[in-house]
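Trainee: Contents are PDB, C-alpha atoms, pLDDT in the B column; file name final_6.pdb:
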```pdb
ATOM      1  CA  ARG A1313      13.437  -3.482  16.523  1.00 75.00           C
ATOM      2  CA  TRP A1314      15.175  -2.262  13.381  1.00 82.00           C
ATOM      3  CA  LEU A1315      14.504   1.405  14.163  1.00 87.00           C
ATOM      4  CA  GLY A1316      14.188   1.086  17.916  1.00 86.00           C
ATOM      5  CA  PRO A1317      10.941   1.431  19.872  1.00 91.00           C
ATOM      6  CA  VAL A1318      10.595   5.225  19.635  1.00 93.00           C
ATOM      7  CA  ARG A1319      11.515   5.675  15.962  1.00 91.00           C
ATOM      8  CA  GLY A1320       9.653   2.504  14.989  1.00 91.00           C
ATOM      9  CA  SER A1321       6.507   3.678  16.762  1.00 94.00           C
ATOM     10  CA  MET A1322       6.859   7.115  15.197  1.00 96.00           C
ATOM     11  CA  LEU A1323       7.160   5.563  11.718  1.00 95.00           C
ATOM     12  CA  LEU A1324       4.023   3.479  12.234  1.00 95.00           C
ATOM     13  CA  PHE A1325       2.156   6.506  13.611  1.00 97.00           C
ATOM     14  CA  VAL A1326       3.202   8.766  10.713  1.00 97.00           C
ATOM     15  CA  LEU A1327       2.323   6.127   8.081  1.00 97.00           C
ATOM     16  CA  GLY A1328      -1.030   5.416   9.766  1.00 96.00           C
ATOM     17  CA  CYS A1329      -1.887   9.120   9.888  1.00 96.00           C
ATOM     18  CA  MET A1330      -0.839   9.474   6.254  1.00 97.00           C
ATOM     19  CA  ALA A1331      -3.103   6.611   5.234  1.00 96.00           C
ATOM     20  CA  CYS A1332      -6.091   8.116   7.052  1.00 95.00           C
ATOM     21  CA  GLY A1333      -5.297  11.626   5.839  1.00 95.00           C
ATOM     22  CA  ILE A1334      -4.974  10.599   2.201  1.00 96.00           C
ATOM     23  CA  GLU A1335      -8.181   8.554   2.386  1.00 95.00           C
ATOM     24  CA  CYS A1336     -10.123  11.371   4.071  1.00 95.00           C
ATOM     25  CA  THR A1337      -8.870  13.835   1.463  1.00 96.00           C
ATOM     26  CA  ALA A1338      -9.826  11.454  -1.349  1.00 96.00           C
ATOM     27  CA  LEU A1339     -13.283  10.842   0.091  1.00 95.00           C
ATOM     28  CA  THR A1340     -13.894  14.572   0.539  1.00 95.00           C
ATOM     29  CA  THR A1341     -12.345  15.935  -2.663  1.00 96.00           C
ATOM     30  CA  GLY A1342     -11.851  12.996  -5.025  1.00 96.00           C
ATOM     31  CA  PHE A1343      -8.090  13.656  -5.029  1.00 97.00           C
ATOM     32  CA  PRO A1344      -5.900  11.677  -5.514  1.00 96.00           C
ATOM     33  CA  TYR A1345      -7.823   8.443  -6.253  1.00 96.00           C
ATOM     34  CA  GLY A1346     -10.966   9.768  -7.900  1.00 95.00           C
ATOM     35  CA  VAL A1347     -14.447   9.957  -6.427  1.00 96.00           C
ATOM     36  CA  PHE A1348     -15.283   6.813  -4.473  1.00 96.00           C
ATOM     37  CA  SER A1349     -17.155   5.693  -1.405  1.00 95.00           C
ATOM     38  CA  TYR A1350     -16.936   2.820   1.016  1.00 95.00           C
ATOM     39  CA  GLY A1351     -19.681   0.224   1.139  1.00 92.00           C
ATOM     40  CA  GLU A1352     -21.241  -1.205   4.284  1.00 89.00           C
ATOM     41  CA  LYS A1353     -18.976  -4.254   4.022  1.00 89.00           C
ATOM     42  CA  ALA A1354     -15.911  -2.061   4.639  1.00 90.00           C
ATOM     43  CA  GLY A1355     -16.649  -2.169   8.362  1.00 88.00           C
ATOM     44  CA  THR A1356     -16.449   0.408  11.125  1.00 91.00           C
ATOM     45  CA  LEU A1357     -15.263   3.807   9.938  1.00 91.00           C
ATOM     46  CA  LEU A1358     -12.703   6.011  11.685  1.00 86.00           C
ATOM     47  CA  LEU A1359     -13.665   9.685  11.707  1.00 79.00           C
ATOM     48  CA  GLY A1360     -16.902   8.559  10.085  1.00 86.00           C
ATOM     49  CA  GLN A1361     -15.087   8.079   6.771  1.00 91.00           C
ATOM     50  CA  VAL A1362     -12.189   5.610   6.688  1.00 93.00           C
ATOM     51  CA  PRO A1363     -12.362   1.893   7.588  1.00 95.00           C
ATOM     52  CA  TRP A1364     -10.458   1.140  10.785  1.00 93.00           C
ATOM     53  CA  SER A1365      -8.304  -1.368   8.877  1.00 92.00           C
ATOM     54  CA  THR A1366      -6.978   1.188   6.371  1.00 93.00           C
ATOM     55  CA  PRO A1367      -3.921   2.342   8.321  1.00 93.00           C
ATOM     56  CA  PHE A1368      -2.938  -1.245   9.128  1.00 92.00           C
ATOM     57  CA  SER A1369      -3.279  -2.542   5.586  1.00 93.00           C
ATOM     58  CA  TRP A1370      -1.550   0.467   3.998  1.00 94.00           C
ATOM     59  CA  ILE A1371       1.358   0.296   6.469  1.00 95.00           C
ATOM     60  CA  THR A1372       1.769  -3.410   5.671  1.00 94.00           C
ATOM     61  CA  ILE A1373       1.821  -2.732   1.936  1.00 95.00           C
ATOM     62  CA  VAL A1374       4.228   0.238   2.108  1.00 96.00           C
ATOM     63  CA  LEU A1375       6.697  -1.430   4.470  1.00 94.00           C
ATOM     64  CA  GLY A1376       6.483  -4.778   2.674  1.00 94.00           C
ATOM     65  CA  CYS A1377       7.034  -3.305  -0.771  1.00 95.00           C
ATOM     66  CA  TYR A1378       9.834  -1.044   0.447  1.00 94.00           C
ATOM     67  CA  ALA A1379      11.585  -3.923   2.227  1.00 92.00           C
ATOM     68  CA  PHE A1380      11.287  -6.175  -0.821  1.00 93.00           C
ATOM     69  CA  VAL A1381      12.539  -3.538  -3.270  1.00 94.00           C
ATOM     70  CA  SER A1382      15.383  -2.478  -0.963  1.00 90.00           C
ATOM     71  CA  ARG A1383      16.949  -5.915  -1.359  1.00 88.00           C
ATOM     72  CA  PHE A1384      17.606  -5.153  -5.013  1.00 90.00           C
ATOM     73  CA  ALA A1385      17.782  -1.356  -5.228  1.00 90.00           C
ATOM     74  CA  ALA A1386      20.836   0.352  -3.793  1.00 86.00           C
ATOM     75  CA  THR A1387      19.995   3.996  -4.458  1.00 91.00           C
ATOM     76  CA  TRP A1388      17.243   6.034  -2.816  1.00 92.00           C
ATOM     77  CA  TRP A1389      15.503   6.820  -6.089  1.00 95.00           C
ATOM     78  CA  ARG A1390      15.438   3.172  -7.152  1.00 96.00           C
ATOM     79  CA  GLN A1391      13.997   2.229  -3.775  1.00 94.00           C
ATOM     80  CA  ILE A1392      11.238   4.816  -4.064  1.00 96.00           C
ATOM     81  CA  PHE A1393      10.413   4.173  -7.741  1.00 97.00           C
ATOM     82  CA  GLY A1394      10.601   0.408  -7.208  1.00 97.00           C
ATOM     83  CA  THR A1395       8.281   0.659  -4.223  1.00 97.00           C
ATOM     84  CA  VAL A1396       5.825   2.719  -6.259  1.00 98.00           C
ATOM     85  CA  GLY A1397       5.882   0.142  -9.071  1.00 97.00           C
ATOM     86  CA  LEU A1398       5.389  -2.799  -6.734  1.00 96.00           C
ATOM     87  CA  MET A1399       2.603  -1.013  -4.856  1.00 96.00           C
ATOM     88  CA  LEU A1400       0.840  -0.400  -8.184  1.00 96.00           C
ATOM     89  CA  CYS A1401       1.034  -4.139  -8.895  1.00 92.00           C
ATOM     90  CA  VAL A1402      -0.427  -4.859  -5.460  1.00 93.00           C
ATOM     91  CA  ASP A1403      -3.227  -2.374  -6.054  1.00 94.00           C
ATOM     92  CA  ALA A1404      -3.930  -3.889  -9.477  1.00 90.00           C
ATOM     93  CA  VAL A1405      -4.816  -7.078  -7.597  1.00 86.00           C
ATOM     94  CA  LEU A1406      -6.407  -5.616  -4.465  1.00 90.00           C
ATOM     95  CA  ASP A1407      -8.640  -2.889  -5.884  1.00 92.00           C
ATOM     96  CA  PRO A1408     -10.673  -4.914  -8.419  1.00 89.00           C
ATOM     97  CA  ILE A1409     -11.444  -7.564  -5.837  1.00 87.00           C
ATOM     98  CA  ALA A1410     -12.455  -4.991  -3.225  1.00 91.00           C
ATOM     99  CA  VAL A1411     -14.779  -3.395  -5.786  1.00 91.00           C
ATOM    100  CA  SER A1412     -16.286  -6.758  -6.724  1.00 87.00           C
ATOM    101  CA  LEU A1413     -16.848  -7.560  -3.033  1.00 86.00           C
ATOM    102  CA  GLY A1414     -18.577  -4.207  -2.467  1.00 89.00           C
ATOM    103  CA  LEU A1415     -15.959  -2.853  -0.065  1.00 91.00           C
ATOM    104  CA  TRP A1416     -15.855   0.359  -2.098  1.00 94.00           C
ATOM    105  CA  SER A1417     -17.072   1.705  -5.410  1.00 95.00           C
ATOM    106  CA  TYR A1418     -16.144   4.484  -7.789  1.00 96.00           C
ATOM    107  CA  ALA A1419     -18.517   7.183  -9.042  1.00 96.00           C
ATOM    108  CA  ALA A1420     -17.032   6.727 -12.523  1.00 95.00           C
ATOM    109  CA  PRO A1421     -15.910   3.096 -12.802  1.00 94.00           C
ATOM    110  CA  GLY A1422     -12.952   2.421 -15.059  1.00 92.00           C
ATOM    111  CA  VAL A1423     -12.335  -0.254 -17.661  1.00 90.00           C
ATOM    112  CA  TYR A1424      -9.990  -2.289 -15.442  1.00 90.00           C
ATOM    113  CA  TYR A1425     -12.524  -4.276 -13.408  1.00 87.00           C
ATOM    114  CA  GLY A1426     -14.365  -1.086 -12.480  1.00 91.00           C
ATOM    115  CA  VAL A1427     -11.244   0.697 -11.219  1.00 95.00           C
ATOM    116  CA  PRO A1428     -10.562   4.093 -12.845  1.00 96.00           C
ATOM    117  CA  PHE A1429      -7.159   5.233 -14.074  1.00 96.00           C
ATOM    118  CA  SER A1430      -7.253   8.058 -11.500  1.00 96.00           C
ATOM    119  CA  ASN A1431      -7.023   5.464  -8.720  1.00 97.00           C
ATOM    120  CA  PHE A1432      -3.713   4.187 -10.044  1.00 97.00           C
ATOM    121  CA  MET A1433      -2.366   7.720 -10.419  1.00 97.00           C
ATOM    122  CA  GLY A1434      -3.388   8.340  -6.811  1.00 97.00           C
ATOM    123  CA  TRP A1435      -1.453   5.241  -5.804  1.00 97.00           C
ATOM    124  CA  VAL A1436       1.629   6.619  -7.566  1.00 98.00           C
ATOM    125  CA  LEU A1437       1.413   9.719  -5.381  1.00 97.00           C
ATOM    126  CA  SER A1438       0.548   8.007  -2.098  1.00 97.00           C
ATOM    127  CA  SER A1439       3.120   5.242  -2.684  1.00 98.00           C
ATOM    128  CA  ALA A1440       5.876   7.760  -3.383  1.00 98.00           C
ATOM    129  CA  LEU A1441       4.987   9.682  -0.227  1.00 98.00           C
ATOM    130  CA  GLY A1442       4.915   6.515   1.861  1.00 97.00           C
ATOM    131  CA  ALA A1443       8.202   5.226   0.434  1.00 97.00           C
ATOM    132  CA  GLY A1444       9.775   8.631   1.038  1.00 97.00           C
ATOM    133  CA  VAL A1445       8.725   8.574   4.677  1.00 96.00           C
ATOM    134  CA  VAL A1446      10.140   5.065   5.148  1.00 95.00           C
ATOM    135  CA  TYR A1447      13.373   6.142   3.458  1.00 93.00           C
ATOM    136  CA  VAL A1448      13.732   9.168   5.752  1.00 93.00           C
ATOM    137  CA  PHE A1449      13.064   7.115   8.895  1.00 92.00           C
ATOM    138  CA  SER A1450      15.409   4.365   7.766  1.00 89.00           C
ATOM    139  CA  SER A1451      18.287   6.867   7.452  1.00 84.00           C
ATOM    140  CA  TYR A1452      18.851   6.382  11.187  1.00 79.00           C
ATOM    141  CA  ALA A1453      19.299   2.643  10.705  1.00 78.00           C
ATOM    142  CA  ARG A1454      21.537   3.167   7.659  1.00 72.00           C
ATOM    143  CA  ALA A1455      23.768   5.494   9.679  1.00 68.00           C
ATOM    144  CA  LYS A1456      24.225   2.679  12.193  1.00 68.00           C
ATOM    145  CA  HIS A1457      24.767   0.164   9.346  1.00 63.00           C
ATOM    146  CA  LEU A1458      21.603  -1.712  10.231  1.00 67.00           C
ATOM    147  CA  SER A1459      19.981  -3.263   7.201  1.00 70.00           C
ATOM    148  CA  LEU A1460      16.270  -3.257   6.580  1.00 74.00           C
ATOM    149  CA  PRO A1461      14.863  -6.570   7.848  1.00 79.00           C
ATOM    150  CA  THR A1462      13.463  -8.691   5.038  1.00 77.00           C
ATOM    151  CA  SER A1463      10.833  -9.936   7.488  1.00 81.00           C
ATOM    152  CA  LEU A1464       8.968  -6.656   6.877  1.00 82.00           C
ATOM    153  CA  SER A1465       7.835  -8.244   3.613  1.00 86.00           C
ATOM    154  CA  ALA A1466       6.028 -11.103   5.402  1.00 87.00           C
ATOM    155  CA  GLY A1467       2.821  -9.116   5.951  1.00 86.00           C
ATOM    156  CA  LEU A1468       2.811  -8.154   2.280  1.00 88.00           C
ATOM    157  CA  TYR A1469       3.145 -11.795   1.225  1.00 87.00           C
ATOM    158  CA  TYR A1470       0.251 -12.887   3.432  1.00 87.00           C
ATOM    159  CA  SER A1471      -1.876  -9.996   2.217  1.00 86.00           C
ATOM    160  CA  LEU A1472      -1.134 -10.896  -1.407  1.00 84.00           C
ATOM    161  CA  ILE A1473      -1.992 -14.537  -0.792  1.00 86.00           C
ATOM    162  CA  LEU A1474      -5.361 -13.444   0.589  1.00 84.00           C
ATOM    163  CA  TRP A1475      -6.136 -11.041  -2.274  1.00 81.00           C
ATOM    164  CA  LEU A1476      -4.808 -13.374  -4.988  1.00 79.00           C
ATOM    165  CA  GLY A1477      -6.949 -16.168  -3.570  1.00 80.00           C
ATOM    166  CA  LEU A1478      -9.998 -13.908  -3.567  1.00 77.00           C
ATOM    167  CA  ALA A1479      -9.190 -12.861  -7.147  1.00 74.00           C
ATOM    168  CA  PHE A1480      -8.796 -16.437  -8.306  1.00 73.00           C
ATOM    169  CA  PHE A1481     -11.914 -17.730  -6.605  1.00 71.00           C
ATOM    170  CA  SER A1482     -14.030 -14.809  -7.776  1.00 68.00           C
ATOM    171  CA  PHE A1483     -12.951 -15.601 -11.346  1.00 59.00           C
ATOM    172  CA  SER A1484     -11.114 -12.290 -11.715  1.00 58.00           C
ATOM    173  CA  VAL A1485      -8.293 -14.025 -13.518  1.00 54.00           C
ATOM    174  CA  LEU A1486      -6.256 -11.002 -14.653  1.00 56.00           C
ATOM    175  CA  PRO A1487      -5.699  -9.555 -11.169  1.00 53.00           C
ATOM    176  CA  SER A1488      -4.704 -12.975  -9.857  1.00 51.00           C
ATOM    177  CA  LEU A1489      -2.029 -13.222 -12.556  1.00 56.00           C
ATOM    178  CA  MET A1490      -0.340  -9.907 -11.734  1.00 53.00           C
ATOM    179  CA  PRO A1491       3.383 -10.189 -10.884  1.00 49.00           C
ATOM    180  CA  ARG A1492       4.078 -11.204  -7.327  1.00 43.00           C
ATOM    181  CA  PRO A1493       7.165 -10.291  -5.258  1.00 40.00           C
TER     182      PRO A1493
END
```
Written as structure tokens, how would this file's structure read?

Mentor:
Amino acid sequence: RWLGPVRGSMLLFVLGCMACGIECTALTTGFPYGVFSYGEKAGTLLLGQVPWSTPFSWITIVLGCYAFVSRFAATWWRQIFGTVGLMLCVDAVLDPIAVSLGLWSYAAPGVYYGVPFSNFMGWVLSSALGAGVVYVFSSYARAKHLSLPTSLSAGLYYSLILWLGLAFFSFSVLPSLMPRP
């Protein structure tokens, strides 16, 4: 409702395509996350490569982080950098648990619960791109003095509760103690 049905649908479509495109590129080339592959537990794959849930989960994380950060950051660059930072915190919880559950694995596991540094650098890039897209789309709402609805963060909160619970109950204590929004 915040962007209207056409712009809102376009934003979701663009973010979903970005998520699939970045994942397909990473799976094919290793850029930007490093060389990794999905396990059988990841579920049905779109285009034979990317789990069907990827666009939905990435959209939830990008929009949720952007909405949360936008409450506190007035300038565009603070919104984008804040979103990147918060998305890195989310990934620091999500990725180790997904690796431990066999949803995906890295060819060269890193020291942080099997997650390589390259994955986090990839998240910096993909998060900045996602936040930039949300910022551009939200310019329409800003021009009409419509504020970003804080309810966009709800999906992020529920997702974090799930992943933090999985982290805690799998005895991956450090990821479950990462800062929460």

Trainee: Nearest to Leu1358 in chain A among A:Cys1401, A:Cys1336, A:Leu1474, A:Val1411, with distances taken over only C-alpha atoms: which residue is it?

Mentor: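 Among A:Cys1401, A:Cys1336, A:Leu1474, A:Val1411, it is A:Cys1336 that comes nearest to Leu1358 in chain A.
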
Trainee: Please, what distance in Å, to one decimal, runs between CA of Val1448 in chain A and CA of Leu1323 in chain A?

Mentor: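 Computing the Euclidean distance for CA of Val1448 in chain A and CA of Leu1323 in chain A yields 9.6 Å.
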
Trainee: Could you tell me, as a PyMOL selection string, exactly which residues end up selected when the PyMOL selection byres ((chain A and resi 1422) around 12) is applied to this structure?

Mentor: chain A and resi 1345-1348+1407-1408+1411+1417-1421+1423-1432

Trainee: Taking the file as I've supplied it (selection: the PyMOL selection byres ((chain A and resi 1441) around 12)), which residues are included? Please answer as number ranges by chain.

Mentor: A: 1326-1327, 1330-1331, 1334, 1374, 1378, 1392-1393, 1395-1396, 1399, 1434-1440, 1442-1448

Trainee: For the point (-19.7, -2.3, 2.8) in file coordinates, what residues are within 6 Å, counting only C-alpha atoms? Give the answer as a count of residues only?

Mentor: 6

Trainee: Using all atoms listed in the file, can you tell me which of A:Leu1464, A:Ala1386, A:Ile1473, A:Cys1329 comes closest to Val1402 in chain A?

Mentor: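 Going through A:Leu1464, A:Ala1386, A:Ile1473, A:Cys1329 one by one, the smallest distance to Val1402 in chain A is for A:Ile1473.
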
Trainee: Hey, can you check how far CA of Trp1416 in chain A sits from CA of Phe1380 in chain A?

Mentor: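 Atom-to-atom, CA of Trp1416 in chain A to CA of Phe1380 in chain A, that is 27.9 Å.
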
Trainee: For the atom pair CA of Ile1371 in chain A and CA of Arg1313 in chain A, what is the interatomic distance in Å to one decimal place?

Mentor: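 Answer for the CA of Ile1371 in chain A to CA of Arg1313 in chain A separation: 16.2 Å.
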
Trainee: Which residue gives the smallest distance to Phe1368 in chain A among A:Phe1325, A:Val1381, A:Trp1388, A:Leu1460, with only C-alpha atoms counted?

Mentor: A:Phe1325

Trainee: Using all atoms listed in the file, pick whichever of A:Ser1459, A:Ser1369, A:Arg1390, A:Ala1453 has the shortest atom-to-atom distance to Leu1472 in chain A.

Mentor: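 The closest residue to Leu1472 in chain A is A:Ser1369.
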
Trainee: Can you tell me which residues surround Leu1468 in chain A at a distance of at most 8 Å, considering only C-alpha atoms, apart from same-chain residues fewer than 3 positions away, and format the answer as a list in words?

Mentor: Thr1372, Ile1373, Gly1376, Cys1377, Leu1464, Ser1465, Ser1471 and Leu1472 of chain A

Trainee: Could you take the residues named above and write them with C-alpha atoms, as an mmCIF file, keeping the file's coordinate frame?

Mentor:
```cif
data_model
loop_
_atom_site.group_PDB
_atom_site.id
_atom_site.type_symbol
_atom_site.label_atom_id
_atom_site.label_comp_id
_atom_site.auth_asym_id
_atom_site.auth_seq_id
_atom_site.Cartn_x
_atom_site.Cartn_y
_atom_site.Cartn_z
ATOM 1 C CA THR A 1372 1.769 -3.410 5.671
ATOM 2 C CA ILE A 1373 1.821 -2.732 1.936
ATOM 3 C CA GLY A 1376 6.483 -4.778 2.674
ATOM 4 C CA CYS A 1377 7.034 -3.305 -0.771
ATOM 5 C CA LEU A 1464 8.968 -6.656 6.877
ATOM 6 C CA SER A 1465 7.835 -8.244 3.613
ATOM 7 C CA SER A 1471 -1.876 -9.996 2.217
ATOM 8 C CA LEU A 1472 -1.134 -10.896 -1.407
#
```

Trainee: Draw an axis-aligned box tight on the listed atoms of range 1416-1423 of chain A, then pad every side by 5 Å and write out centre and edge lengths in Å to one decimal as AutoDock Vina command-line options.

Mentor:
```
--center_x -15.4 --center_y 3.5 --center_z -9.9 --size_x 16.2 --size_y 17.4 --size_z 25.6
```

Trainee: Mind telling me what the PyMOL selection byres ((chain A and resi 1316) around 12) catches here, as a PyMOL selection string?

Mentor: chain A and resi 1313-1315+1317-1324+1449-1450+1452-1453+1456+1458

Trainee: For Asp1403 in chain A, which of A:Met1433, A:Leu1357, A:Gly1477, A:Ala1385 is the closest residue, counting only C-alpha atoms?

Mentor: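 Result for the nearest residue to Asp1403 in chain A: A:Met1433.
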
Trainee: Taking into account all atoms listed in the file, which residue in the set A:Ala1479, A:Ser1451, A:Leu1406, A:Thr1462 is nearest to Trp1370 in chain A?

Mentor: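 Checking each of A:Ala1479, A:Ser1451, A:Leu1406, A:Thr1462 against Trp1370 in chain A, counting all atoms listed in the file, the winner is A:Leu1406.
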